[in-house]
Amino acid sequence: QILDSFGLAGKNNECGGLYKTLDPSINMCLPPLSWQTYDINLTAAGFDSTGKKTRNARLTVQHNGVLVHDNLEVKRKTGAGKPEGSLALPTKLQNHGNPVRFRNIWLLDRTPKPSAE
(Lines give C-alpha, C1' and ligand atoms only; values in the text may rest on other atoms or scores of the structure.)
Protein backbone atom coordinates (compact mmCIF):
# COMPACT_ATOMS: atom_id res chain seq x y z
CA GLN A 1 0.00 0.00 0.00
CA ILE A 2 1.16 3.52 -0.78
CA LEU A 3 -0.75 6.23 1.07
CA ASP A 4 -0.34 8.69 3.93
CA SER A 5 -0.18 6.58 7.09
CA PHE A 6 2.17 8.71 9.18
CA GLY A 7 1.61 8.02 12.89
CA LEU A 8 -0.86 5.18 12.30
CA ALA A 9 -0.59 1.61 13.59
CA GLY A 10 0.81 0.00 10.42
CA LYS A 11 -2.00 -2.26 9.21
CA ASN A 12 -2.34 -4.22 5.95
CA ASN A 13 -4.44 -1.43 4.42
CA GLU A 14 -1.92 1.27 5.36
CA CYS A 15 1.43 2.34 3.94
CA GLY A 16 3.79 -0.63 3.57
CA GLY A 17 1.04 -3.19 4.11
CA LEU A 18 0.29 -6.04 1.75
CA TYR A 19 -3.40 -5.37 1.09
CA LYS A 20 -5.78 -7.79 2.86
CA THR A 21 -2.81 -10.02 3.65
CA LEU A 22 -0.15 -8.76 6.06
CA ASP A 23 0.74 -5.71 8.13
CA PRO A 24 4.22 -4.24 7.65
CA SER A 25 6.61 -5.25 10.46
CA ILE A 26 6.82 -1.54 11.36
CA ASN A 27 5.16 1.65 10.05
CA MET A 28 8.00 3.55 8.37
CA CYS A 29 5.78 6.22 6.79
CA LEU A 30 7.35 9.67 6.90
CA PRO A 31 5.26 12.82 7.51
CA PRO A 32 3.03 14.17 4.71
CA LEU A 33 4.83 15.99 1.88
CA SER A 34 7.99 13.91 2.47
CA TRP A 35 9.32 11.70 -0.30
CA GLN A 36 9.05 8.02 0.63
CA THR A 37 11.32 5.30 -0.77
CA TYR A 38 10.47 1.70 -1.56
CA ASP A 39 12.79 -1.08 -2.62
CA ILE A 40 10.65 -4.01 -3.70
CA ASN A 41 11.95 -7.39 -4.83
CA LEU A 42 9.27 -9.64 -6.26
CA THR A 43 9.80 -13.19 -7.45
CA ALA A 44 6.81 -14.14 -9.58
CA ALA A 45 4.76 -17.24 -8.94
CA GLY A 46 5.73 -20.26 -11.02
CA PHE A 47 3.44 -22.19 -13.36
CA ASP A 48 3.91 -25.43 -15.29
CA SER A 49 3.16 -25.94 -18.98
CA THR A 50 -0.50 -26.71 -18.20
CA GLY A 51 -0.94 -23.43 -16.29
CA LYS A 52 -0.98 -25.09 -12.85
CA LYS A 53 0.66 -23.01 -10.14
CA THR A 54 3.84 -24.70 -8.90
CA ARG A 55 5.31 -21.97 -6.68
CA ASN A 56 3.87 -18.95 -4.86
CA ALA A 57 5.27 -15.48 -5.43
CA ARG A 58 7.74 -14.10 -2.88
CA LEU A 59 8.16 -10.48 -1.80
CA THR A 60 10.78 -8.47 0.09
CA VAL A 61 10.10 -4.77 0.80
CA GLN A 62 12.21 -2.02 2.33
CA HIS A 63 10.26 1.14 3.12
CA ASN A 64 12.43 4.20 3.71
CA GLY A 65 15.44 1.90 4.10
CA VAL A 66 13.86 -0.40 6.71
CA LEU A 67 12.87 -4.00 6.02
CA VAL A 68 9.08 -4.28 6.43
CA HIS A 69 8.51 -7.62 4.57
CA ASP A 70 11.25 -10.27 4.35
CA ASN A 71 10.92 -12.94 1.66
CA LEU A 72 7.18 -13.12 2.30
CA GLU A 73 5.31 -15.93 0.52
CA VAL A 74 2.37 -14.41 -1.36
CA LYS A 75 -0.20 -17.19 -1.70
CA ARG A 76 -2.81 -15.27 -3.71
CA LYS A 77 -3.34 -11.99 -5.52
CA THR A 78 -4.12 -9.12 -3.19
CA GLY A 79 -6.87 -7.17 -4.93
CA ALA A 80 -8.46 -6.28 -8.24
CA GLY A 81 -6.95 -7.11 -11.58
CA LYS A 82 -6.59 -10.11 -13.81
CA PRO A 83 -6.35 -13.64 -12.40
CA GLU A 84 -2.94 -15.15 -11.72
CA GLY A 85 -1.41 -17.12 -14.54
CA SER A 86 1.77 -17.88 -16.43
CA LEU A 87 1.46 -14.80 -18.67
CA ALA A 88 3.51 -11.82 -17.44
CA LEU A 89 1.25 -8.81 -16.83
CA PRO A 90 2.14 -5.12 -16.47
CA THR A 91 3.09 -3.56 -13.15
CA LYS A 92 0.50 -0.97 -12.12
CA LEU A 93 0.34 1.73 -9.46
CA GLN A 94 -3.25 2.19 -8.29
CA ASN A 95 -4.75 5.44 -6.98
CA HIS A 96 -7.44 5.48 -4.30
CA GLY A 97 -7.96 9.24 -4.25
CA ASN A 98 -4.90 10.04 -2.13
CA PRO A 99 -2.67 12.80 -3.50
CA VAL A 100 0.52 10.88 -4.34
CA ARG A 101 3.32 11.50 -6.83
CA PHE A 102 5.97 9.16 -8.13
CA ARG A 103 9.50 9.77 -9.40
CA ASN A 104 12.63 7.76 -10.12
CA ILE A 105 10.84 4.45 -10.71
CA TRP A 106 13.02 1.53 -11.78
CA LEU A 107 11.73 -1.84 -12.93
CA LEU A 108 14.40 -4.51 -13.39
CA ASP A 109 13.63 -7.90 -14.90
CA ARG A 110 15.55 -10.39 -12.78
CA THR A 111 14.34 -13.44 -14.64
CA PRO A 112 17.27 -15.86 -14.94
CA LYS A 113 18.52 -15.96 -18.51
CA PRO A 114 19.26 -19.35 -20.08
CA SER A 115 22.98 -19.96 -20.24
CA ALA A 116 24.51 -20.04 -23.72
CA GLU A 117 26.44 -23.24 -24.21
# chains A, B, ... in the order shown; residues from 1 in each chain; ligands from 1

$ select_by_dssp --residues "chain A" --states "strand (DSSP E or B)" --output "list in words"
Leu18, Leu22, Tyr38, Asp39, Ile40, Asn41, Leu42, Thr43, Gly46, Phe47, Lys53, Thr54, Arg55, Ala57, Arg58, Leu59, Thr60, Val61, Gln62, His63, Val66, Leu67, Val68, His69, Asp70, Asn71, Leu72, Glu73 and Val74 of chain A

$ write_last_selection --atoms "N, CA and C atoms" --output "mmCIF file, in the first residue's frame"
data_model
loop_
_atom_site.group_PDB
_atom_site.id
_atom_site.type_symbol
_atom_site.label_atom_id
_atom_site.label_comp_id
_atom_site.auth_asym_id
_atom_site.auth_seq_id
_atom_site.Cartn_x
_atom_site.Cartn_y
_atom_site.Cartn_z
ATOM 1 N N LEU A 18 0.674 -5.231 2.898
ATOM 2 C CA LEU A 18 0.287 -6.043 1.747
ATOM 3 C C LEU A 18 -1.217 -6.222 1.851
ATOM 4 N N LEU A 22 -1.123 -8.838 4.971
ATOM 5 C CA LEU A 22 -0.155 -8.758 6.064
ATOM 6 C C LEU A 22 0.202 -7.310 6.377
ATOM 7 N N TYR A 38 10.804 3.126 -1.611
ATOM 8 C CA TYR A 38 10.466 1.702 -1.562
ATOM 9 C C TYR A 38 11.481 0.950 -2.402
ATOM 10 N N ASP A 39 12.007 -0.109 -1.861
ATOM 11 C CA ASP A 39 12.795 -1.078 -2.623
ATOM 12 C C ASP A 39 12.020 -2.378 -2.535
ATOM 13 N N ILE A 40 11.529 -2.843 -3.665
ATOM 14 C CA ILE A 40 10.647 -4.011 -3.704
ATOM 15 C C ILE A 40 11.269 -5.069 -4.597
ATOM 16 N N ASN A 41 11.475 -6.250 -4.049
ATOM 17 C CA ASN A 41 11.946 -7.393 -4.832
ATOM 18 C C ASN A 41 10.833 -8.417 -4.868
ATOM 19 N N LEU A 42 10.351 -8.688 -6.060
ATOM 20 C CA LEU A 42 9.267 -9.644 -6.258
ATOM 21 C C LEU A 42 9.764 -10.787 -7.123
ATOM 22 N N THR A 43 9.574 -12.000 -6.639
ATOM 23 C CA THR A 43 9.800 -13.193 -7.446
ATOM 24 C C THR A 43 8.422 -13.710 -7.814
ATOM 25 N N GLY A 46 5.356 -19.369 -9.933
ATOM 26 C CA GLY A 46 5.735 -20.263 -11.023
ATOM 27 C C GLY A 46 4.544 -21.088 -11.485
ATOM 28 N N PHE A 47 4.522 -21.402 -12.769
ATOM 29 C CA PHE A 47 3.443 -22.191 -13.365
ATOM 30 C C PHE A 47 4.049 -23.224 -14.302
ATOM 31 N N LYS A 53 -0.295 -23.724 -10.984
ATOM 32 C CA LYS A 53 0.658 -23.006 -10.136
ATOM 33 C C LYS A 53 1.558 -24.004 -9.415
ATOM 34 N N THR A 54 2.865 -23.808 -9.531
ATOM 35 C CA THR A 54 3.837 -24.703 -8.901
ATOM 36 C C THR A 54 4.611 -24.030 -7.777
ATOM 37 N N ARG A 55 4.550 -22.705 -7.702
ATOM 38 C CA ARG A 55 5.305 -21.969 -6.684
ATOM 39 C C ARG A 55 4.618 -20.630 -6.453
ATOM 40 N N ALA A 57 4.405 -16.652 -5.319
ATOM 41 C CA ALA A 57 5.273 -15.481 -5.433
ATOM 42 C C ALA A 57 5.920 -15.207 -4.076
ATOM 43 N N ARG A 58 7.050 -14.495 -4.106
ATOM 44 C CA ARG A 58 7.736 -14.099 -2.877
ATOM 45 C C ARG A 58 8.059 -12.610 -2.978
ATOM 46 N N LEU A 59 8.047 -11.932 -1.824
ATOM 47 C CA LEU A 59 8.165 -10.479 -1.803
ATOM 48 C C LEU A 59 9.035 -10.027 -0.637
ATOM 49 N N THR A 60 9.986 -9.142 -0.930
ATOM 50 C CA THR A 60 10.779 -8.471 0.093
ATOM 51 C C THR A 60 10.629 -6.970 -0.142
ATOM 52 N N VAL A 61 10.334 -6.221 0.929
ATOM 53 C CA VAL A 61 10.105 -4.774 0.795
ATOM 54 C C VAL A 61 10.886 -4.021 1.864
ATOM 55 N N GLN A 62 11.624 -3.008 1.421
ATOM 56 C CA GLN A 62 12.206 -2.024 2.327
ATOM 57 C C GLN A 62 11.464 -0.714 2.099
ATOM 58 N N HIS A 63 10.978 -0.137 3.188
ATOM 59 C CA HIS A 63 10.264 1.145 3.123
ATOM 60 C C HIS A 63 11.114 2.163 3.861
ATOM 61 N N VAL A 66 14.088 0.575 5.638
ATOM 62 C CA VAL A 66 13.862 -0.401 6.714
ATOM 63 C C VAL A 66 13.076 -1.590 6.162
ATOM 64 N N LEU A 67 13.531 -2.788 6.471
ATOM 65 C CA LEU A 67 12.867 -4.004 6.016
ATOM 66 C C LEU A 67 11.500 -4.136 6.682
ATOM 67 N N VAL A 68 10.431 -4.142 5.878
ATOM 68 C CA VAL A 68 9.078 -4.283 6.429
ATOM 69 C C VAL A 68 8.421 -5.605 6.025
ATOM 70 N N HIS A 69 8.939 -6.266 4.968
ATOM 71 C CA HIS A 69 8.512 -7.616 4.569
ATOM 72 C C HIS A 69 9.765 -8.345 4.103
ATOM 73 N N ASP A 70 10.024 -9.532 4.659
ATOM 74 C CA ASP A 70 11.250 -10.270 4.351
ATOM 75 C C ASP A 70 10.932 -11.611 3.704
ATOM 76 N N ASN A 71 11.119 -11.696 2.405
ATOM 77 C CA ASN A 71 10.917 -12.938 1.656
ATOM 78 C C ASN A 71 9.552 -13.556 1.956
ATOM 79 N N LEU A 72 8.549 -12.717 1.989
ATOM 80 C CA LEU A 72 7.175 -13.120 2.299
ATOM 81 C C LEU A 72 6.599 -13.970 1.174
ATOM 82 N N GLU A 73 6.010 -15.116 1.508
ATOM 83 C CA GLU A 73 5.313 -15.931 0.519
ATOM 84 C C GLU A 73 3.936 -15.319 0.277
ATOM 85 N N VAL A 74 3.644 -15.009 -0.975
ATOM 86 C CA VAL A 74 2.366 -14.409 -1.356
ATOM 87 C C VAL A 74 1.536 -15.513 -2.007
#

$ residues_around --residues "Thr21 of chain A" --least-positions-apart "4" --cutoff "10 Å" --atoms "only C-alpha atoms" --output "PDB file with N, CA and C atoms, in the first residue's frame"
ATOM      1  N   LYS A  11      -1.123  -1.128   9.540  1.00  0.00           N
ATOM      2  CA  LYS A  11      -1.996  -2.264   9.210  1.00  0.00           C
ATOM      3  C   LYS A  11      -1.848  -2.635   7.735  1.00  0.00           C
ATOM      4  N   ASN A  12      -2.491  -3.749   7.332  1.00  0.00           N
ATOM      5  CA  ASN A  12      -2.339  -4.219   5.952  1.00  0.00           C
ATOM      6  C   ASN A  12      -2.980  -3.290   4.918  1.00  0.00           C
ATOM      7  N   ASN A  13      -3.838  -2.386   5.356  1.00  0.00           N
ATOM      8  CA  ASN A  13      -4.443  -1.430   4.425  1.00  0.00           C
ATOM      9  C   ASN A  13      -3.816  -0.039   4.559  1.00  0.00           C
ATOM     10  N   GLY A  17       1.779  -1.945   3.914  1.00  0.00           N
ATOM     11  CA  GLY A  17       1.038  -3.189   4.109  1.00  0.00           C
ATOM     12  C   GLY A  17       0.827  -3.932   2.805  1.00  0.00           C
ATOM     13  N   VAL A  74       3.644 -15.009  -0.975  1.00  0.00           N
ATOM     14  CA  VAL A  74       2.366 -14.409  -1.356  1.00  0.00           C
ATOM     15  C   VAL A  74       1.536 -15.513  -2.007  1.00  0.00           C
ATOM     16  N   LYS A  75       0.551 -16.004  -1.268  1.00  0.00           N
ATOM     17  CA  LYS A  75      -0.198 -17.185  -1.703  1.00  0.00           C
ATOM     18  C   LYS A  75      -1.287 -16.883  -2.721  1.00  0.00           C
ATOM     19  N   ARG A  76      -1.726 -15.619  -2.780  1.00  0.00           N
ATOM     20  CA  ARG A  76      -2.807 -15.266  -3.706  1.00  0.00           C
ATOM     21  C   ARG A  76      -2.653 -13.807  -4.095  1.00  0.00           C
ATOM     22  N   LYS A  77      -3.367 -13.412  -5.144  1.00  0.00           N
ATOM     23  CA  LYS A  77      -3.344 -11.995  -5.517  1.00  0.00           C
ATOM     24  C   LYS A  77      -4.012 -11.181  -4.416  1.00  0.00           C
ATOM     25  N   THR A  78      -3.708  -9.910  -4.345  1.00  0.00           N
ATOM     26  CA  THR A  78      -4.124  -9.116  -3.190  1.00  0.00           C
ATOM     27  C   THR A  78      -5.250  -8.133  -3.471  1.00  0.00           C
ATOM     28  N   GLY A  79      -5.797  -8.119  -4.648  1.00  0.00           N
ATOM     29  CA  GLY A  79      -6.866  -7.169  -4.929  1.00  0.00           C
ATOM     30  C   GLY A  79      -7.422  -7.350  -6.320  1.00  0.00           C
TER      31      GLY A  79
END

$ closest_residue --among "A:Ile105, A:Leu3, A:Leu87, A:Ala116" --to "Leu33 of chain A" --atoms "only C-alpha atoms"
A:Leu3

$ atom_distance --atom1 "atom CA of Arg101 of chain A" --atom2 "atom CA of Ser5 of chain A"
15.2 Å

$ residues_around --residues "Leu93 of chain A" --least-positions-apart "3" --cutoff "12 Å" --atoms "only C-alpha atoms" --output "mmCIF file with N, CA and C atoms, in the first residue's frame"
data_model
loop_
_atom_site.group_PDB
_atom_site.id
_atom_site.type_symbol
_atom_site.label_atom_id
_atom_site.label_comp_id
_atom_site.auth_asym_id
_atom_site.auth_seq_id
_atom_site.Cartn_x
_atom_site.Cartn_y
_atom_site.Cartn_z
ATOM 1 N N GLN A 1 0.844 -1.178 0.000
ATOM 2 C CA GLN A 1 0.000 0.000 0.000
ATOM 3 C C GLN A 1 0.888 1.239 0.000
ATOM 4 N N ILE A 2 0.454 2.246 -0.729
ATOM 5 C CA ILE A 2 1.160 3.522 -0.785
ATOM 6 C C ILE A 2 0.139 4.620 -0.512
ATOM 7 N N LEU A 3 0.142 5.135 0.705
ATOM 8 C CA LEU A 3 -0.753 6.231 1.069
ATOM 9 C C LEU A 3 -0.262 6.856 2.362
ATOM 10 N N ALA A 80 -7.852 -6.245 -6.901
ATOM 11 C CA ALA A 80 -8.460 -6.276 -8.235
ATOM 12 C C ALA A 80 -7.417 -6.642 -9.286
ATOM 13 N N GLY A 81 -7.869 -6.797 -10.493
ATOM 14 C CA GLY A 81 -6.954 -7.111 -11.585
ATOM 15 C C GLY A 81 -7.222 -8.480 -12.157
ATOM 16 N N PRO A 90 1.464 -6.368 -16.811
ATOM 17 C CA PRO A 90 2.136 -5.118 -16.470
ATOM 18 C C PRO A 90 2.087 -4.829 -14.973
ATOM 19 N N HIS A 96 -6.173 5.555 -5.031
ATOM 20 C CA HIS A 96 -7.443 5.477 -4.295
ATOM 21 C C HIS A 96 -7.886 6.859 -3.836
ATOM 22 N N VAL A 100 -0.838 11.426 -4.330
ATOM 23 C CA VAL A 100 0.519 10.876 -4.336
ATOM 24 C C VAL A 100 1.188 11.203 -5.664
ATOM 25 N N ARG A 101 2.507 11.273 -5.630
ATOM 26 C CA ARG A 101 3.316 11.499 -6.830
ATOM 27 C C ARG A 101 4.449 10.486 -6.818
ATOM 28 N N PHE A 102 4.896 10.132 -8.005
ATOM 29 C CA PHE A 102 5.974 9.161 -8.132
ATOM 30 C C PHE A 102 7.104 9.764 -8.949
ATOM 31 N N ILE A 105 11.322 5.828 -10.779
ATOM 32 C CA ILE A 105 10.845 4.447 -10.706
ATOM 33 C C ILE A 105 11.715 3.579 -11.598
#

$ closest_residue --among "A:Arg103, A:Asn98, A:Ser25, A:Gly85" --to "Lys52 of chain A" --atoms "only C-alpha atoms"
A:Gly85

$ atom_distance --atom1 "atom CA of Leu89 of chain A" --atom2 "atom CA of Cys15 of chain A"
23.6 Å
